[in-house]
$ cat query-v7.cif   # mmCIF, C-alpha atoms (C1' of nucleotides)
data_final
#
loop_
_atom_site.label_atom_id
_atom_site.label_comp_id
_atom_site.auth_asym_id
_atom_site.auth_seq_id
_atom_site.Cartn_x
_atom_site.Cartn_y
_atom_site.Cartn_z
CA MET E 1 -8.38 17.99 -1.21
CA VAL E 2 -4.70 17.83 -0.43
CA ARG E 3 -2.55 15.22 -2.10
CA VAL E 4 -0.19 13.18 -0.01
CA GLY E 5 2.11 12.33 -2.88
CA LEU E 6 1.81 8.60 -3.02
CA ASN E 7 3.63 6.52 -5.55
CA THR E 8 4.58 2.91 -5.96
CA GLU E 9 8.07 3.40 -4.58
CA ARG E 10 6.96 5.22 -1.45
CA LEU E 11 4.27 2.67 -0.79
CA ALA E 12 6.69 -0.19 -1.06
CA ARG E 13 9.17 1.50 1.28
CA ALA E 14 6.46 2.30 3.79
CA GLY E 15 5.27 -1.27 3.46
CA ALA E 16 8.75 -2.49 4.35
CA GLU E 17 8.76 -0.30 7.46
CA LEU E 18 5.33 -1.52 8.36
CA ALA E 19 6.52 -5.10 7.98
CA ASP E 20 9.29 -4.48 10.49
CA GLU E 21 6.82 -3.00 12.92
CA VAL E 22 3.94 -5.44 12.74
CA GLY E 23 5.37 -8.45 10.96
CA PHE E 24 5.29 -9.20 7.25
CA GLU E 25 2.20 -11.37 7.56
CA HIS E 26 0.26 -8.44 8.96
CA VAL E 27 1.10 -6.07 6.17
CA THR E 28 -2.17 -5.17 4.50
CA VAL E 29 -3.19 -2.61 1.95
CA SER E 30 -5.59 -1.23 4.54
CA ALA E 31 -2.92 -0.74 7.16
CA LEU E 32 -0.73 0.99 4.65
CA ALA E 33 -3.54 3.33 3.66
CA ARG E 34 -4.10 4.15 7.32
CA ARG E 35 -0.44 4.99 7.67
CA PHE E 36 -0.74 7.60 4.93
CA ASP E 37 -4.12 8.72 6.23
CA VAL E 38 -5.64 7.99 2.90
CA LYS E 39 -8.55 5.86 1.73
CA VAL E 40 -7.74 2.28 0.89
CA ALA E 41 -8.91 2.43 -2.70
CA SER E 42 -6.38 5.15 -3.39
CA LEU E 43 -3.53 2.72 -3.11
CA TYR E 44 -4.82 0.61 -5.94
CA SER E 45 -3.67 3.17 -8.48
CA HIS E 46 -0.10 2.56 -7.37
CA VAL E 47 -0.07 -1.10 -6.51
CA LYS E 48 -1.86 -3.86 -8.40
CA ASN E 49 -3.02 -5.74 -5.35
CA SER E 50 -1.90 -7.09 -2.03
CA HIS E 51 0.34 -9.71 -3.62
CA ASP E 52 2.01 -7.06 -5.72
CA LEU E 53 2.69 -4.96 -2.64
CA LYS E 54 4.26 -7.89 -0.85
CA THR E 55 6.36 -8.72 -3.87
CA ARG E 56 7.71 -5.19 -3.94
CA ILE E 57 8.57 -5.34 -0.26
CA ALA E 58 10.41 -8.60 -0.85
CA MET E 59 12.35 -7.03 -3.71
CA ILE E 60 13.44 -4.19 -1.46
CA ALA E 61 14.63 -6.64 1.17
CA LEU E 62 16.52 -8.78 -1.34
CA GLU E 63 18.12 -5.69 -2.78
CA GLU E 64 19.17 -4.30 0.60
CA LEU E 65 20.55 -7.66 1.59
CA ALA E 66 22.52 -7.89 -1.63
CA VAL E 67 24.02 -4.46 -1.09
CA ARG E 68 25.05 -5.31 2.43
CA ALA E 69 26.43 -8.64 1.32
CA ALA E 70 28.54 -7.04 -1.38
CA GLU E 71 29.92 -4.53 1.11
CA ALA E 72 30.66 -7.25 3.59
CA LEU E 73 32.51 -9.41 1.10
CA ALA E 74 34.63 -6.62 -0.32
CA GLY E 75 38.23 -7.24 0.58
CA ARG E 76 37.59 -10.38 2.55
CA ALA E 77 38.25 -14.02 1.83
CA GLY E 78 38.06 -17.41 3.49
CA LYS E 79 36.59 -17.66 6.91
CA ASP E 80 36.60 -13.92 7.26
CA ALA E 81 34.32 -13.63 4.26
CA LEU E 82 32.18 -16.51 5.41
CA SER E 83 31.54 -14.90 8.78
CA ALA E 84 30.91 -11.53 7.25
CA LEU E 85 28.32 -12.90 4.87
CA GLY E 86 26.59 -14.94 7.54
CA ASN E 87 26.44 -11.94 9.78
CA VAL E 88 24.85 -9.89 7.05
CA TYR E 89 21.85 -12.18 6.96
CA ARG E 90 21.65 -12.62 10.69
CA ASP E 91 22.04 -8.95 11.51
CA TYR E 92 19.60 -7.89 8.84
CA ALA E 93 17.01 -10.28 10.23
CA ARG E 94 17.44 -8.77 13.67
CA GLU E 95 17.33 -5.20 12.49
CA HIS E 96 14.53 -5.78 10.02
CA PRO E 97 12.56 -8.87 10.94
CA GLY E 98 9.62 -8.01 8.72
CA ARG E 99 11.79 -7.29 5.72
CA TYR E 100 13.76 -10.46 6.33
CA ALA E 101 10.55 -12.47 6.41
CA SER E 102 9.47 -10.79 3.21
CA ALA E 103 12.62 -12.01 1.50
CA GLN E 104 11.21 -15.53 1.88
CA PHE E 105 8.01 -14.57 0.12
CA ARG E 106 7.61 -16.82 -2.87
CA LEU E 107 8.12 -14.69 -5.95
CA ASP E 108 6.62 -15.56 -9.28
CA PRO E 109 9.21 -16.28 -11.96
CA GLU E 110 9.12 -12.81 -13.43
CA ALA E 111 9.69 -11.08 -10.12
CA ALA E 112 12.32 -13.61 -9.19
CA ALA E 113 14.25 -12.90 -12.35
CA ALA E 114 14.13 -9.16 -11.72
CA SER E 115 15.14 -9.57 -8.08
CA ALA E 116 18.56 -9.54 -6.51
CA GLY E 117 18.27 -13.29 -5.98
CA LEU E 118 20.84 -14.12 -8.59
CA ARG E 119 23.36 -11.74 -7.06
CA HIS E 120 23.01 -13.57 -3.79
CA SER E 121 24.05 -16.89 -5.27
CA GLN E 122 26.83 -15.18 -7.20
CA MET E 123 28.19 -13.78 -3.97
CA MET E 124 28.05 -17.19 -2.36
CA ARG E 125 30.09 -18.47 -5.29
CA ALA E 126 32.54 -15.61 -4.91
CA LEU E 127 32.93 -16.52 -1.28
CA LEU E 128 33.58 -20.13 -2.17
CA ARG E 129 36.50 -19.13 -4.35
CA GLY E 130 38.41 -18.89 -1.12
CA TYR E 131 37.93 -22.61 -0.70
CA ASP E 132 38.96 -25.34 -3.03
CA LEU E 133 35.74 -26.50 -4.64
CA THR E 134 34.92 -27.24 -8.23
CA GLU E 135 31.60 -27.96 -9.83
CA PRO E 136 29.32 -29.61 -8.96
CA ASP E 137 30.54 -29.40 -5.38
CA GLN E 138 30.50 -25.66 -5.54
CA THR E 139 26.79 -25.69 -6.25
CA HIS E 140 26.20 -28.17 -3.46
CA ALA E 141 28.11 -25.89 -1.14
CA VAL E 142 26.17 -22.80 -2.24
CA ARG E 143 22.96 -24.60 -1.40
CA LEU E 144 24.27 -25.86 1.90
CA LEU E 145 25.45 -22.42 2.90
CA GLY E 146 22.11 -20.92 1.96
CA SER E 147 20.33 -23.59 3.94
CA VAL E 148 22.39 -23.05 7.06
CA PHE E 149 22.18 -19.28 6.98
CA HIS E 150 18.50 -19.23 6.28
CA GLY E 151 17.68 -22.10 8.59
CA TYR E 152 19.68 -20.74 11.49
CA VAL E 153 18.36 -17.24 11.20
CA SER E 154 14.77 -18.30 10.85
CA LEU E 155 14.89 -20.76 13.75
CA GLU E 156 16.62 -18.17 15.88
CA MET E 157 14.07 -15.51 14.98
CA GLY E 158 11.30 -17.95 15.77
CA GLY E 159 12.65 -18.22 19.28
CA GLY E 160 13.90 -21.76 18.79
CA PHE E 161 17.21 -21.15 20.52
CA SER E 162 16.22 -18.77 23.24
CA HIS E 163 15.87 -19.58 26.90
CA SER E 164 18.39 -22.36 26.81
CA ALA E 165 22.12 -22.55 27.29
CA PRO E 166 24.46 -22.08 25.61
CA ASP E 167 23.83 -18.67 24.20
CA SER E 168 22.67 -18.48 20.61
CA ASP E 169 25.55 -16.10 19.82
CA GLU E 170 27.94 -18.80 20.90
CA THR E 171 26.30 -21.39 18.69
CA TRP E 172 26.41 -19.00 15.79
CA LEU E 173 30.17 -18.61 16.12
CA ARG E 174 30.62 -22.34 16.34
CA THR E 175 28.38 -22.78 13.33
CA LEU E 176 30.63 -20.50 11.34
CA ASP E 177 33.66 -22.44 12.59
CA ALA E 178 31.98 -25.65 11.54
CA LEU E 179 31.12 -24.39 8.08
CA ASP E 180 34.62 -23.13 7.55
CA ALA E 181 36.07 -26.45 8.61
CA LEU E 182 33.65 -28.25 6.36
CA LEU E 183 34.45 -26.14 3.33
CA ARG E 184 38.18 -26.47 3.85
CA ASN E 185 37.75 -30.18 4.14
CA TRP E 186 34.91 -30.92 1.78
CA PRO E 187 34.21 -34.66 1.76
CA GLU E 188 34.39 -36.84 -1.30
CA GLN E 189 31.14 -38.36 -2.34
CA ALA E 190 30.51 -40.95 0.36
CA PRO E 191 30.62 -44.59 -0.70
CA GLU E 192 27.16 -46.04 -1.10
CA GLN E 193 25.84 -47.36 2.14
CA THR E 194 25.15 -51.07 2.17
CA PRO E 195 22.28 -51.73 4.54
CA GLU E 196 23.19 -54.83 6.57
CA MET F 197 -31.47 -30.07 11.61
CA VAL F 198 -28.93 -32.82 11.15
CA ARG F 199 -25.69 -32.68 13.07
CA VAL F 200 -22.46 -33.27 11.25
CA GLY F 201 -20.60 -34.32 14.35
CA LEU F 202 -17.95 -31.66 14.59
CA ASN F 203 -15.43 -31.60 17.35
CA THR F 204 -12.12 -29.95 17.97
CA GLU F 205 -10.11 -32.96 16.91
CA ARG F 206 -11.92 -33.48 13.61
CA LEU F 207 -11.66 -29.81 12.80
CA ALA F 208 -7.94 -29.77 13.43
CA ARG F 209 -7.42 -32.86 11.26
CA ALA F 210 -9.52 -31.46 8.47
CA GLY F 211 -7.61 -28.21 8.83
CA ALA F 212 -4.38 -30.11 8.32
CA GLU F 213 -5.73 -31.69 5.15
CA LEU F 214 -6.92 -28.33 3.97
CA ALA F 215 -3.48 -26.90 4.61
CA ASP F 216 -1.92 -29.52 2.36
CA GLU F 217 -4.40 -28.72 -0.37
CA VAL F 218 -4.41 -24.94 -0.36
CA GLY F 219 -1.36 -23.99 1.68
CA PHE F 220 -1.20 -23.26 5.38
CA GLU F 221 -1.49 -19.53 4.87
CA HIS F 222 -4.83 -20.01 3.14
CA VAL F 223 -6.38 -22.05 5.91
CA THR F 224 -9.35 -20.08 7.20
CA VAL F 225 -12.18 -20.83 9.54
CA SER F 226 -14.54 -20.06 6.69
CA ALA F 227 -12.96 -22.53 4.32
CA LEU F 228 -13.09 -25.20 6.98
CA ALA F 229 -16.78 -24.54 7.60
CA ARG F 230 -17.43 -24.83 3.90
CA ARG F 231 -15.68 -28.17 3.86
CA PHE F 232 -18.13 -29.50 6.47
CA ASP F 233 -21.03 -27.72 4.82
CA VAL F 234 -21.76 -25.92 8.01
CA LYS F 235 -22.11 -22.27 8.97
CA VAL F 236 -18.93 -20.51 9.99
CA ALA F 237 -20.13 -19.53 13.45
CA SER F 238 -20.63 -23.19 14.28
CA LEU F 239 -16.91 -23.79 14.36
CA TYR F 240 -16.41 -21.30 17.12
CA SER F 241 -17.84 -23.71 19.66
CA HIS F 242 -14.99 -26.07 18.94
CA VAL F 243 -12.11 -23.77 18.21
CA LYS F 244 -11.34 -20.53 20.01
CA ASN F 245 -10.38 -18.58 16.94
CA SER F 246 -8.33 -18.73 13.80
CA HIS F 247 -5.05 -18.65 15.71
CA ASP F 248 -6.19 -21.54 17.85
CA LEU F 249 -7.05 -23.56 14.78
CA LYS F 250 -3.64 -22.94 13.28
CA THR F 251 -1.95 -23.84 16.53
CA ARG F 252 -3.77 -27.16 16.57
CA ILE F 253 -2.75 -27.90 13.01
CA ALA F 254 0.85 -27.15 13.92
CA MET F 255 0.62 -29.50 16.90
CA ILE F 256 -0.63 -32.29 14.64
CA ALA F 257 2.25 -31.75 12.25
CA LEU F 258 4.85 -31.70 15.03
CA GLU F 259 3.37 -34.84 16.49
CA GLU F 260 3.30 -36.68 13.17
CA LEU F 261 6.86 -35.61 12.47
CA ALA F 262 7.97 -36.81 15.88
CA VAL F 263 6.36 -40.20 15.34
CA ARG F 264 8.01 -40.59 11.97
CA ALA F 265 11.34 -39.46 13.37
CA ALA F 266 11.18 -41.97 16.20
CA GLU F 267 10.38 -44.76 13.75
CA ALA F 268 13.19 -43.68 11.46
CA LEU F 269 15.77 -43.59 14.23
CA ALA F 270 14.86 -46.94 15.72
CA GLY F 271 17.71 -49.33 15.21
CA ARG F 272 19.91 -46.92 13.34
CA ALA F 273 23.04 -45.05 14.30
CA GLY F 274 25.65 -42.79 12.78
CA LYS F 275 25.26 -41.67 9.24
CA ASP F 276 22.44 -44.11 8.71
CA ALA F 277 20.46 -42.42 11.46
CA LEU F 278 21.42 -38.98 10.23
CA SER F 279 20.11 -39.68 6.74
CA ALA F 280 16.98 -41.30 8.04
CA LEU F 281 16.14 -38.32 10.22
CA GLY F 282 16.85 -35.82 7.50
CA ASN F 283 14.69 -37.76 5.10
CA VAL F 284 11.84 -37.73 7.56
CA TYR F 285 11.67 -33.95 7.46
CA ARG F 286 12.24 -33.69 3.76
CA ASP F 287 9.76 -36.40 2.80
CA TYR F 288 7.14 -35.08 5.18
CA ALA F 289 7.44 -31.63 3.64
CA ARG F 290 6.91 -33.09 0.19
CA GLU F 291 3.99 -35.25 1.18
CA HIS F 292 2.40 -32.64 3.40
CA PRO F 293 3.58 -29.19 2.43
CA GLY F 294 0.82 -27.41 4.31
CA ARG F 295 1.36 -29.38 7.47
CA TYR F 296 5.12 -28.86 7.20
CA ALA F 297 4.60 -25.12 6.88
CA SER F 298 2.31 -25.23 9.89
CA ALA F 299 5.08 -26.76 11.96
CA GLN F 300 6.90 -23.43 11.58
CA PHE F 301 3.95 -21.54 12.96
CA ARG F 302 5.11 -19.65 16.00
CA LEU F 303 3.52 -21.27 19.03
CA ASP F 304 2.89 -19.40 22.23
CA PRO F 305 4.85 -20.75 25.19
CA GLU F 306 2.00 -22.85 26.50
CA ALA F 307 1.36 -24.59 23.19
CA ALA F 308 5.07 -24.98 22.62
CA ALA F 309 5.45 -26.76 25.94
CA ALA F 310 2.58 -29.12 25.13
CA SER F 311 3.90 -29.80 21.64
CA ALA F 312 6.22 -32.51 20.41
CA GLY F 313 8.93 -29.89 20.02
CA LEU F 314 10.96 -31.19 22.92
CA ARG F 315 10.90 -34.74 21.54
CA HIS F 316 12.41 -33.43 18.34
CA SER F 317 15.44 -32.02 20.05
CA GLN F 318 15.73 -35.16 22.17
CA MET F 319 15.84 -37.23 19.03
CA MET F 320 18.53 -35.00 17.59
CA ARG F 321 20.50 -35.61 20.75
CA ALA F 322 19.92 -39.33 20.49
CA LEU F 323 21.22 -39.21 16.96
CA LEU F 324 24.32 -37.35 18.07
CA ARG F 325 25.19 -40.11 20.50
CA GLY F 326 26.53 -41.88 17.45
CA TYR F 327 29.12 -39.13 17.18
CA ASP F 328 31.63 -38.04 19.72
CA LEU F 329 30.30 -34.78 21.03
CA THR F 330 29.98 -33.51 24.56
CA GLU F 331 28.25 -30.45 25.84
CA PRO F 332 28.14 -27.68 24.85
CA ASP F 333 29.13 -28.91 21.40
CA GLN F 334 26.21 -31.28 21.35
CA THR F 335 23.80 -28.39 21.69
CA HIS F 336 25.60 -26.48 18.98
CA ALA F 337 25.32 -29.51 16.76
CA VAL F 338 21.61 -29.96 17.52
CA ARG F 339 21.03 -26.40 16.45
CA LEU F 340 23.15 -26.75 13.36
CA LEU F 341 21.38 -29.92 12.31
CA GLY F 342 18.02 -28.30 12.85
CA SER F 343 19.12 -25.30 10.82
CA VAL F 344 20.33 -27.36 7.90
CA PHE F 345 17.31 -29.65 7.77
CA HIS F 346 14.85 -26.82 8.11
CA GLY F 347 16.75 -24.46 5.86
CA TYR F 348 17.28 -27.00 3.12
CA VAL F 349 13.72 -28.23 3.12
CA SER F 350 12.21 -24.80 3.17
CA LEU F 351 14.45 -23.45 0.40
CA GLU F 352 13.80 -26.54 -1.67
CA MET F 353 10.03 -26.27 -1.16
CA GLY F 354 10.22 -22.62 -2.09
CA GLY F 355 11.65 -23.62 -5.43
CA GLY F 356 15.09 -22.28 -4.65
CA PHE F 357 16.93 -25.27 -6.07
CA SER F 358 14.74 -26.18 -8.98
CA HIS F 359 15.50 -25.57 -12.63
CA SER F 360 19.23 -25.69 -12.16
CA ALA F 361 21.80 -28.42 -12.24
CA PRO F 362 22.76 -30.43 -10.36
CA ASP F 363 19.62 -32.08 -9.18
CA SER F 364 18.37 -31.18 -5.75
CA ASP F 365 18.33 -34.85 -4.77
CA GLU F 366 22.02 -34.99 -5.49
CA THR F 367 22.72 -31.96 -3.33
CA TRP F 368 20.68 -33.44 -0.54
CA LEU F 369 22.81 -36.58 -0.52
CA ARG F 370 25.96 -34.52 -0.52
CA THR F 371 24.58 -32.39 2.27
CA LEU F 372 24.08 -35.49 4.38
CA ASP F 373 27.61 -36.59 3.52
CA ALA F 374 28.89 -33.20 4.54
CA LEU F 375 27.02 -33.19 7.83
CA ASP F 376 28.25 -36.66 8.64
CA ALA F 377 31.83 -35.66 7.90
CA LEU F 378 31.42 -32.56 9.98
CA LEU F 379 30.01 -34.38 12.97
CA ARG F 380 32.70 -37.04 12.83
CA ASN F 381 35.28 -34.33 12.70
CA TRP F 382 33.79 -31.59 14.80
CA PRO F 383 36.20 -28.64 14.92
CA GLU F 384 37.67 -27.23 18.07
CA GLN F 385 36.66 -23.73 18.85
CA ALA F 386 38.52 -21.69 16.25
CA PRO F 387 41.21 -19.33 17.47
CA GLU F 388 40.06 -15.75 17.61
CA GLN F 389 40.52 -14.01 14.32
CA THR F 390 42.85 -11.06 14.38
CA PRO F 391 41.61 -8.43 11.95
CA GLU F 392 44.49 -7.00 9.90
"C1'" DT O 393 -39.96 -38.86 30.38
"C1'" DA O 394 -38.01 -34.61 31.96
"C1'" DA O 395 -33.91 -31.86 32.56
"C1'" DT O 396 -29.63 -30.67 30.95
"C1'" DT O 397 -26.09 -30.27 27.84
"C1'" DT O 398 -24.44 -29.77 23.38
"C1'" DG O 399 -24.41 -28.58 18.41
"C1'" DC O 400 -25.53 -25.92 14.80
"C1'" DC O 401 -28.22 -21.89 13.39
"C1'" DT O 402 -29.46 -16.81 12.48
"C1'" DA O 403 -28.12 -12.19 13.06
"C1'" DA O 404 -24.97 -8.71 13.15
"C1'" DA O 405 -20.80 -5.84 13.50
"C1'" DG O 406 -16.27 -4.87 11.90
"C1'" DG O 407 -12.21 -5.59 9.01
"C1'" DT O 408 -9.79 -6.56 4.36
"C1'" DT O 409 -9.72 -6.77 -0.79
"C1'" DT O 410 -10.79 -5.10 -5.04
"C1'" DT O 411 -13.37 -2.71 -8.89
"C1'" DA O 412 -15.86 1.27 -10.94
"C1'" DG O 413 -16.70 5.79 -11.60
"C1'" DG O 414 -16.05 10.84 -10.31
"C1'" DC O 415 -14.07 15.35 -9.13
"C1'" DA O 416 -10.24 18.25 -8.28
"C1'" DA O 417 -5.36 19.20 -8.29
"C1'" DA O 418 -1.20 19.16 -10.88
"C1'" DT O 419 1.01 19.31 -15.19
"C1'" DG O 420 1.78 20.32 -20.12
"C1'" DC O 421 1.16 23.12 -23.88
"C1'" DA O 422 -0.36 27.02 -26.67
"C1'" DT A 423 -1.72 32.97 -18.69
"C1'" DG A 424 -5.46 29.95 -19.87
"C1'" DC A 425 -7.04 25.50 -21.40
"C1'" DA A 426 -6.66 20.50 -21.88
"C1'" DT A 427 -4.96 16.46 -20.19
"C1'" DT A 428 -3.27 13.57 -16.85
"C1'" DT A 429 -3.02 12.03 -12.36
"C1'" DG A 430 -4.33 11.38 -7.50
"C1'" DC A 431 -7.42 10.60 -4.16
"C1'" DC A 432 -12.34 10.11 -3.22
"C1'" DT A 433 -17.07 7.72 -2.61
"C1'" DA A 434 -19.66 3.65 -3.32
"C1'" DA A 435 -20.29 -1.00 -3.34
"C1'" DA A 436 -19.71 -6.06 -3.52
"C1'" DA A 437 -17.48 -10.10 -1.75
"C1'" DC A 438 -15.17 -12.53 1.79
"C1'" DC A 439 -13.22 -13.46 6.55
"C1'" DT A 440 -13.51 -13.11 11.78
"C1'" DT A 441 -15.83 -13.13 15.86
"C1'" DT A 442 -19.66 -12.55 19.36
"C1'" DA A 443 -24.47 -13.13 21.03
"C1'" DG A 444 -28.48 -15.39 21.51
"C1'" DG A 445 -31.79 -19.24 20.14
"C1'" DC A 446 -33.80 -23.72 19.10
"C1'" DA A 447 -33.52 -28.55 18.56
"C1'" DA A 448 -31.04 -32.85 19.03
"C1'" DA A 449 -28.50 -35.81 22.04
"C1'" DT A 450 -27.47 -37.25 26.57
"C1'" DT A 451 -28.37 -38.02 31.46
"C1'" DA A 452 -31.03 -38.74 35.37
#

$ encode --input "query-v7.cif" --output "structure tokens"
Amino acid sequence: MVRVGLNTERLARAGAELADEVGFEHVTVSALARRFDVKVASLYSHVKNSHDLKTRIAMIALEELAVRAAEALAGRAGKDALSALGNVYRDYAREHPGRYASAQFRLDPEAAAASAGLRHSQMMRALLRGYDLTEPDQTHAVRLLGSVFHGYVSLEMGGGFSHSAPDSDETWLRTLDALDALLRNWPEQAPEQTPE
Amino acid sequence: MVRVGLNTERLARAGAELADEVGFEHVTVSALARRFDVKVASLYSHVKNSHDLKTRIAMIALEELAVRAAEALAGRAGKDALSALGNVYRDYAREHPGRYASAQFRLDPEAAAASAGLRHSQMMRALLRGYDLTEPDQTHAVRLLGSVFHGYVSLEMGGGFSHSAPDSDETWLRTLDALDALLRNWPEQAPEQTPE
DNA sequence: TAATTTGCCTAAAGGTTTTAGGCAAATGCA
DNA sequence: TGCATTTGCCTAAAACCTTTAGGCAAATTA
């Protein structure tokens, strides 16, 4: 009886690869066992359950994204930094669709705290130092940036922008232009609207 | 042997309710059968398979969203229309989280064509008539708006903005302000950046 | 009323999840 | 080196979900 050498780390990494190949929603403990040519039950010594496996995959993705983001931001500021950060998310989603999807997996509070999630918002804040925003606008802007990046990438991955002109690459560039313009020219709180 | 009176329509509607109660990802043919107190196999006369069921739920959600959006836009223009449309998506997601999630379900081309998807982008375009954008900027703006609305709502639903100040409602208002400012002041294509 | 269609059923096969208990390989220690 | 312990993968089994096939009875139509 030869041992394959499974462990939690290897399983999670293989799970991440599997996610990229078949989609995060099709990652199963069974499929992972098959990939190691091992019986399913064997995995349960290394991973608590299916949810645990998915959580670990998500943590890998968040970590990889954070590393790339930090690299991308190093030495850049302003629009240059904005584009670089946006491209990190977009490129990662294209290279690793399953991992990217996993990063949206809802983590329980404990996992969330241990994840790279906080670093992501810290990097957004670092980026915003190149613009002239103070609290609470900075927080609003962090959330807006996150929304645009995530929203754009997920709609694009879902095929929302394909098969219609103009090219999605073009829109992406214009989106970055628009965000930059918006951040440089962040509006005051709008006066209350008076209906009629 | 009493008949419950199943049909495709009722199943899809019940599926949508189920989605709101247990989450779209936990909608199963089995659970739906249980809800009608009927054997699982019975559903397969009305619904092709699990994927078909989910597709139908997504179509319901897209349709309901389109109806709400049309109502919200009627008689409004500019920022007023922008806010109304954004609130449609956000409020729908809060009232019907499972249905909202289903609207992100990737439809195959045939279902997509038959869905209310097109009406959604047409309404975005209608909204943008209140701003001064011509093609291809209008398309860019449609995509940006879709990204922000979807991104914001899905991050907010995922708990991304909770437990931290300022309030998510506040950010939402400022996000609408920001989008309005951006659309009123849509930037020219930015000059190419020269690295170094 | 008879014929047809339709609706729900039983049966069954195959896949995923998860727990329990067991044997053998690897490791640690005398 | 030899023995004890730990660890890794196994078999077995229960529970649940998906899907197909074939059947009988209720509803519909002629």

$ resolve_selection --input "query-v7.cif" --expression "the PyMOL selection byres ((chain F and resi 281) around 9)" --output "list in words"
Arg264, Ala265, Ala266, Ala268, Leu269, Asp276, Ala277, Leu278, Ser279, Ala280, Gly282, Asn283, Val284, Tyr285, Arg286, Met319, Met320 and Leu323 of chain F

$ resolve_selection --input "query-v7.cif" --expression "the PyMOL selection byres ((chain F and resi 300) around 10)" --output "ChimeraX atom specification"
/E:154-155,158 /F:254,257-258,295-299,301-303,346

$ resolve_selection --input "query-v7.cif" --expression "the PyMOL selection byres ((chain E) within 9 of (chain A))" --output "list in words"
Met1, Val2, Arg3, Val4, Gly5, Leu6, Val38, Lys39, Ala41, Ser42, Leu43 and Ser45 of chain E

$ atom_distance --input "query-v7.cif" --atom1 "CA of His292 (chain F)" --atom2 "CA of Gly151 (chain E)"
19.3 Å

$ closest_residue --input "query-v7.cif" --among "F:Met255, F:Leu340, F:Val236, F:Ala322" --to "chain O" --atoms "only C-alpha atoms (C1' of nucleotides)"
F:Val236

$ interface_residues --input "query-v7.cif" --of "chain E" --to "chain F" --cutoff "8 Å" --atoms "only C-alpha atoms" --output "PyMOL selection string"
chain E and resi 106+136+139-140+143-144+146-152+155+158+161+166+171+174-175+177-178+181-182+186-187+189-190

$ interface_residues --input "query-v7.cif" --of "chain O" --to "chain E" --cutoff "8 Å" --atoms "only C-alpha atoms (C1' of nucleotides)" --output "CSV table (one decimal) with C-alpha atoms (C1' of nucleotides), in the frame of the given file"
chain,number,residue,atom,x,y,z
O,408,DT,C1',-9.8,-6.6,4.4
O,409,DT,C1',-9.7,-6.8,-0.8
O,410,DT,C1',-10.8,-5.1,-5.0
O,416,DA,C1',-10.2,18.2,-8.3
O,417,DA,C1',-5.4,19.2,-8.3

$ atom_distance --input "query-v7.cif" --atom1 "CA of Ile253 (chain F)" --atom2 "CA of Ala212 (chain F)"
5.4 Å

$ atom_distance --input "query-v7.cif" --atom1 "CA of His120 (chain E)" --atom2 "CA of Glu63 (chain E)"
9.3 Å

$ decode --input "query-v7.cif" --residues "region 25-42 of chain E" --atoms "C-alpha atoms" --output "PDB file, in the first residue's frame"
ATOM      1  CA  GLU E  25     -18.606  25.264  -8.148  1.00  0.00           C
ATOM      2  CA  HIS E  26     -17.591  21.866  -9.452  1.00  0.00           C
ATOM      3  CA  VAL E  27     -14.801  21.335  -6.992  1.00  0.00           C
ATOM      4  CA  THR E  28     -15.744  18.310  -4.924  1.00  0.00           C
ATOM      5  CA  VAL E  29     -13.922  16.172  -2.439  1.00  0.00           C
ATOM      6  CA  SER E  30     -14.588  13.235  -4.740  1.00  0.00           C
ATOM      7  CA  ALA E  31     -13.025  14.875  -7.751  1.00  0.00           C
ATOM      8  CA  LEU E  32      -9.998  15.792  -5.717  1.00  0.00           C
ATOM      9  CA  ALA E  33      -9.619  12.218  -4.486  1.00  0.00           C
ATOM     10  CA  ARG E  34      -9.820  11.005  -8.075  1.00  0.00           C
ATOM     11  CA  ARG E  35      -7.065  13.400  -9.025  1.00  0.00           C
ATOM     12  CA  PHE E  36      -4.756  11.815  -6.454  1.00  0.00           C
ATOM     13  CA  ASP E  37      -6.017   8.354  -7.324  1.00  0.00           C
ATOM     14  CA  VAL E  38      -7.002   7.822  -3.755  1.00  0.00           C
ATOM     15  CA  LYS E  39     -10.233   6.860  -2.024  1.00  0.00           C
ATOM     16  CA  VAL E  40     -12.499   9.706  -1.060  1.00  0.00           C
ATOM     17  CA  ALA E  41     -12.549   8.959   2.646  1.00  0.00           C
ATOM     18  CA  SER E  42      -8.795   9.411   2.756  1.00  0.00           C
TER      19      SER E  42
END
